[in-house]
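Below is one structure, written out as structure tokens, with a few remarks after it.
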Amino acid sequence: MMPVIDVKHLTKTYKTYKRGAGMGQTFKSFFQREEVMVHAVNDISFAIEQGEICGILGPNGAGKSTAIKMLCGALYPTSGEIQVLGYSPARDRKRYVGKIGAVFGQKSQLIWDIPPIDSFNMNRAIYGIATPDFKSRLEELTELLDIAHVIEKPTRVLSLGERMKCEFVMAMLHQPDILFLDEPTIGLDVIAKVKIREFVHQMNKKQNMTCILTTHDLEDVEELAHRVIVINHGEKVFDDSLQRLKLFLGEKKRVSFTFSESVQGTVFDNAYTKVIDRPSDFQITLEVDTAYISISDFLEDISRKHRFSDISVKELPIQQVVMNIYENAGGY
């Protein structure tokens, strides 16, 4: 099966200029400026299959937003090749944009002073959606997102959560094959985030829609993504399943205990155990390397030495895994 997105050796380089501080340096810069080449995206390659939900992660300035803009056709690459649904996004932009949708958490498609329903009708005209199709899709989407009661209010009076749901309707009315999501849940409360994640899941399953997600909210990635690509300093440093990402630091677990007696002064660190937190004399959180000892053997060992009243065993937080990849950007 041919991938719906095929990226080969993608590079984007910007030219900028460096200037010193002060009046003298400012005057000098009128005649002579030092050029600085910035490699925003540096020789990355990947392929994404139809129906995949792929998360693209990276710290600020890593190059992920630049990569998304090139995939959307908003930027020309300096070099490399992009094929999306058989189109070159930048060269075939007029034909290509009808096949994709985009939701940018910090850039609205809605017009501020008019109700969302008017913005939806504008999109109907732009994409040439037949009126019966438009009405049925609008009814379905507003019902799924529970916003039928807000789409006739001016956009400026809507809450952030209501506006973001309307942004999704704007992006989905023309039934795109690929949906690009850039920080889609930024600033939202827990309930709104859950609703939007459920909506993305439903659209992915119903339409076999491919989703590309860039975010700093790692809960979005855990809840939505089948696969994760990590970009740092413009280079791809990880590309695999979410399960493999969690194994990047090894087969480790977080085990939290509440003991029946004080364990102040007790040493728990050893070859396979590291203390992460001691909130009180009776509580402790340990990181256990299960490549050296199974959880059952570890718990048996602890129970022989100490009595405890409560215990929890969790996977390593994905934040820790991703931070480790950022800090060790040599790949995996």
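Letters A, B, ... mark the chains of the structure tokens in the order given; residue numbers begin at 1 per chain; ligand numbers begin at 1, in order shown.
Residue-level DSSP output for region 54-173 of chain A, from the backbone, shows strand (DSSP E or B) at Cys54, Gly55, Ile56, Leu57, Ser79, Gly80, Glu81, Ile82, Gln83, Val84, Tyr87, Ile100, Gly101, Ala102, Val103, Phe104 and Lys107 of chain A.
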| said: Could you list, as an MDAnalysis selection string, every residue within 12 Å of region 35-45 of chain A, counting only C-alpha atoms and ignoring same-chain residues fewer than 4 positions away? | reply: chainID A and resid 5:19 29 58 60:70 75:83 229:239
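Comparing the minimum interatomic distances between Leu316 (chain A) and each of A:Thr185, A:Gln243, A:Thr266, A:Thr215, counting only C-alpha atoms, we find that A:Gln243 sits nearest.
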| Residues at most 12 Å from Val157 (chain A), counting only C-alpha atoms, excluding those fewer than 6 positions away in the same chain, as a list in words? | Ile111, Trp112, Asp113, Ile114, Pro115, Pro116, Val150, Ile151 and Arg163 of chain A
Write out as an mmCIF file with N, CA and C atoms, in the first residue's frame each polymer residue whose atoms come within 8 Å of Ile196 (chain A), counting only C-alpha atoms; drop sequence neighbours fewer than 2 positions from it.
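Everything below was put into part.cif:
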```cif
data_model
loop_
_atom_site.group_PDB
_atom_site.id
_atom_site.type_symbol
_atom_site.label_atom_id
_atom_site.label_comp_id
_atom_site.auth_asym_id
_atom_site.auth_seq_id
_atom_site.Cartn_x
_atom_site.Cartn_y
_atom_site.Cartn_z
ATOM 1 N N LEU A 145 -20.231 17.370 18.563
ATOM 2 C CA LEU A 145 -19.472 18.287 19.418
ATOM 3 C C LEU A 145 -20.355 19.066 20.389
ATOM 4 N N LYS A 165 -14.228 23.942 19.200
ATOM 5 C CA LYS A 165 -15.137 22.958 18.597
ATOM 6 C C LYS A 165 -15.633 23.462 17.245
ATOM 7 N N THR A 185 -5.723 21.497 21.541
ATOM 8 C CA THR A 185 -6.381 21.589 22.855
ATOM 9 C C THR A 185 -5.720 22.617 23.766
ATOM 10 N N ALA A 192 -13.457 19.875 27.862
ATOM 11 C CA ALA A 192 -13.364 20.235 26.446
ATOM 12 C C ALA A 192 -12.306 19.387 25.741
ATOM 13 N N LYS A 193 -11.177 19.132 26.426
ATOM 14 C CA LYS A 193 -10.133 18.289 25.830
ATOM 15 C C LYS A 193 -10.657 16.890 25.544
ATOM 16 N N VAL A 194 -11.363 16.317 26.505
ATOM 17 C CA VAL A 194 -11.907 14.965 26.331
ATOM 18 C C VAL A 194 -12.874 14.925 25.157
ATOM 19 N N GLU A 198 -12.339 12.682 21.769
ATOM 20 C CA GLU A 198 -13.355 11.711 21.346
ATOM 21 C C GLU A 198 -13.795 11.979 19.916
ATOM 22 N N PHE A 199 -13.934 13.264 19.562
ATOM 23 C CA PHE A 199 -14.348 13.630 18.207
ATOM 24 C C PHE A 199 -13.304 13.185 17.179
ATOM 25 N N VAL A 200 -12.031 13.428 17.474
ATOM 26 C CA VAL A 200 -10.968 13.015 16.550
ATOM 27 C C VAL A 200 -10.979 11.497 16.379
#
```
| task | Just the residues within 8 Å of region 257-264 of chain A, please, counting only C-alpha atoms, with nothing from its chain fewer than 4 positions along; format it as an MDAnalysis selection string. | result | chainID A and resid 281:285 306:312
Output of the above residues as an mmCIF file, in the first residue's frame, restricted to all heavy atoms:
```
data_model
loop_
_atom_site.group_PDB
_atom_site.id
_atom_site.type_symbol
_atom_site.label_atom_id
_atom_site.label_comp_id
_atom_site.auth_asym_id
_atom_site.auth_seq_id
_atom_site.Cartn_x
_atom_site.Cartn_y
_atom_site.Cartn_z
ATOM 1 N N ASP A 281 7.391 10.783 55.744
ATOM 2 C CA ASP A 281 8.130 9.657 56.347
ATOM 3 C C ASP A 281 7.474 8.313 56.047
ATOM 4 O O ASP A 281 8.104 7.261 56.185
ATOM 5 C CB ASP A 281 8.219 9.831 57.867
ATOM 6 C CG ASP A 281 9.081 11.025 58.264
ATOM 7 O OD1 ASP A 281 9.785 11.549 57.380
ATOM 8 O OD2 ASP A 281 9.029 11.437 59.441
ATOM 9 N N PHE A 282 6.197 8.349 55.623
ATOM 10 C CA PHE A 282 5.452 7.108 55.397
ATOM 11 C C PHE A 282 5.225 6.818 53.908
ATOM 12 O O PHE A 282 4.702 5.771 53.561
ATOM 13 C CB PHE A 282 4.075 7.180 56.091
ATOM 14 C CG PHE A 282 4.159 7.275 57.584
ATOM 15 C CD1 PHE A 282 4.318 8.510 58.201
ATOM 16 C CD2 PHE A 282 4.105 6.141 58.373
ATOM 17 C CE1 PHE A 282 4.403 8.617 59.583
ATOM 18 C CE2 PHE A 282 4.192 6.237 59.762
ATOM 19 C CZ PHE A 282 4.351 7.470 60.367
ATOM 20 N N GLN A 283 5.619 7.755 53.050
ATOM 21 C CA GLN A 283 5.341 7.597 51.616
ATOM 22 C C GLN A 283 6.633 7.702 50.804
ATOM 23 O O GLN A 283 7.537 8.472 51.146
ATOM 24 C CB GLN A 283 4.362 8.678 51.144
ATOM 25 C CG GLN A 283 2.977 8.560 51.760
ATOM 26 C CD GLN A 283 2.098 9.732 51.360
ATOM 27 O OE1 GLN A 283 2.423 10.897 51.644
ATOM 28 N NE2 GLN A 283 0.991 9.445 50.694
ATOM 29 N N ILE A 284 6.672 6.947 49.714
ATOM 30 C CA ILE A 284 7.845 6.990 48.850
ATOM 31 C C ILE A 284 7.444 6.531 47.446
ATOM 32 O O ILE A 284 6.553 5.698 47.280
ATOM 33 C CB ILE A 284 8.988 6.097 49.402
ATOM 34 C CG1 ILE A 284 10.300 6.383 48.667
ATOM 35 C CG2 ILE A 284 8.627 4.608 49.317
ATOM 36 C CD1 ILE A 284 11.514 5.781 49.353
ATOM 37 N N THR A 285 8.075 7.117 46.447
ATOM 38 C CA THR A 285 7.889 6.691 45.056
ATOM 39 C C THR A 285 9.230 6.232 44.518
ATOM 40 O O THR A 285 10.233 6.957 44.606
ATOM 41 C CB THR A 285 7.329 7.832 44.179
ATOM 42 O OG1 THR A 285 6.048 8.210 44.675
ATOM 43 C CG2 THR A 285 7.187 7.385 42.731
ATOM 44 N N HIS A 306 8.949 -4.455 55.013
ATOM 45 C CA HIS A 306 8.094 -3.363 55.493
ATOM 46 C C HIS A 306 6.630 -3.718 55.271
ATOM 47 O O HIS A 306 6.282 -4.373 54.280
ATOM 48 C CB HIS A 306 8.400 -2.050 54.745
ATOM 49 C CG HIS A 306 9.838 -1.641 54.781
ATOM 50 N ND1 HIS A 306 10.413 -1.016 55.867
ATOM 51 C CD2 HIS A 306 10.822 -1.775 53.850
ATOM 52 C CE1 HIS A 306 11.693 -0.778 55.596
ATOM 53 N NE2 HIS A 306 11.962 -1.234 54.383
ATOM 54 N N ARG A 307 5.783 -3.229 56.172
ATOM 55 C CA ARG A 307 4.341 -3.341 55.990
ATOM 56 C C ARG A 307 3.840 -2.067 55.321
ATOM 57 O O ARG A 307 4.226 -0.963 55.692
ATOM 58 C CB ARG A 307 3.646 -3.536 57.347
ATOM 59 C CG ARG A 307 3.937 -4.884 57.997
ATOM 60 C CD ARG A 307 3.386 -4.969 59.405
ATOM 61 N NE ARG A 307 1.973 -4.626 59.451
ATOM 62 C CZ ARG A 307 1.446 -3.743 60.295
ATOM 63 N NH1 ARG A 307 2.220 -3.098 61.164
ATOM 64 N NH2 ARG A 307 0.141 -3.511 60.286
ATOM 65 N N PHE A 308 2.968 -2.240 54.308
ATOM 66 C CA PHE A 308 2.426 -1.060 53.634
ATOM 67 C C PHE A 308 0.902 -1.180 53.522
ATOM 68 O O PHE A 308 0.335 -2.273 53.453
ATOM 69 C CB PHE A 308 3.064 -0.841 52.256
ATOM 70 C CG PHE A 308 3.094 -2.040 51.363
ATOM 71 C CD1 PHE A 308 1.996 -2.382 50.575
ATOM 72 C CD2 PHE A 308 4.228 -2.833 51.290
ATOM 73 C CE1 PHE A 308 2.025 -3.477 49.744
ATOM 74 C CE2 PHE A 308 4.270 -3.934 50.454
ATOM 75 C CZ PHE A 308 3.172 -4.262 49.674
ATOM 76 N N SER A 309 0.252 -0.002 53.497
ATOM 77 C CA SER A 309 -1.211 0.046 53.458
ATOM 78 C C SER A 309 -1.759 0.397 52.085
ATOM 79 O O SER A 309 -2.937 0.201 51.809
ATOM 80 C CB SER A 309 -1.727 1.070 54.474
ATOM 81 O OG SER A 309 -1.180 2.361 54.201
ATOM 82 N N ASP A 310 -0.905 0.918 51.213
ATOM 83 C CA ASP A 310 -1.378 1.288 49.876
ATOM 84 C C ASP A 310 -0.208 1.207 48.905
ATOM 85 O O ASP A 310 0.956 1.411 49.287
ATOM 86 C CB ASP A 310 -1.958 2.706 49.873
ATOM 87 C CG ASP A 310 -2.741 3.003 48.600
ATOM 88 O OD1 ASP A 310 -3.138 2.044 47.909
ATOM 89 O OD2 ASP A 310 -2.943 4.194 48.290
ATOM 90 N N ILE A 311 -0.538 0.916 47.629
ATOM 91 C CA ILE A 311 0.505 0.788 46.604
ATOM 92 C C ILE A 311 -0.091 1.113 45.248
ATOM 93 O O ILE A 311 -1.276 0.852 44.998
ATOM 94 C CB ILE A 311 1.104 -0.643 46.603
ATOM 95 C CG1 ILE A 311 2.217 -0.752 45.558
ATOM 96 C CG2 ILE A 311 0.029 -1.690 46.356
ATOM 97 C CD1 ILE A 311 2.912 -2.082 45.582
ATOM 98 N N SER A 312 0.700 1.714 44.374
ATOM 99 C CA SER A 312 0.293 1.912 42.975
ATOM 100 C C SER A 312 1.485 1.656 42.077
ATOM 101 O O SER A 312 2.623 2.003 42.430
ATOM 102 C CB SER A 312 -0.258 3.321 42.750
ATOM 103 O OG SER A 312 0.780 4.276 42.790
#
```
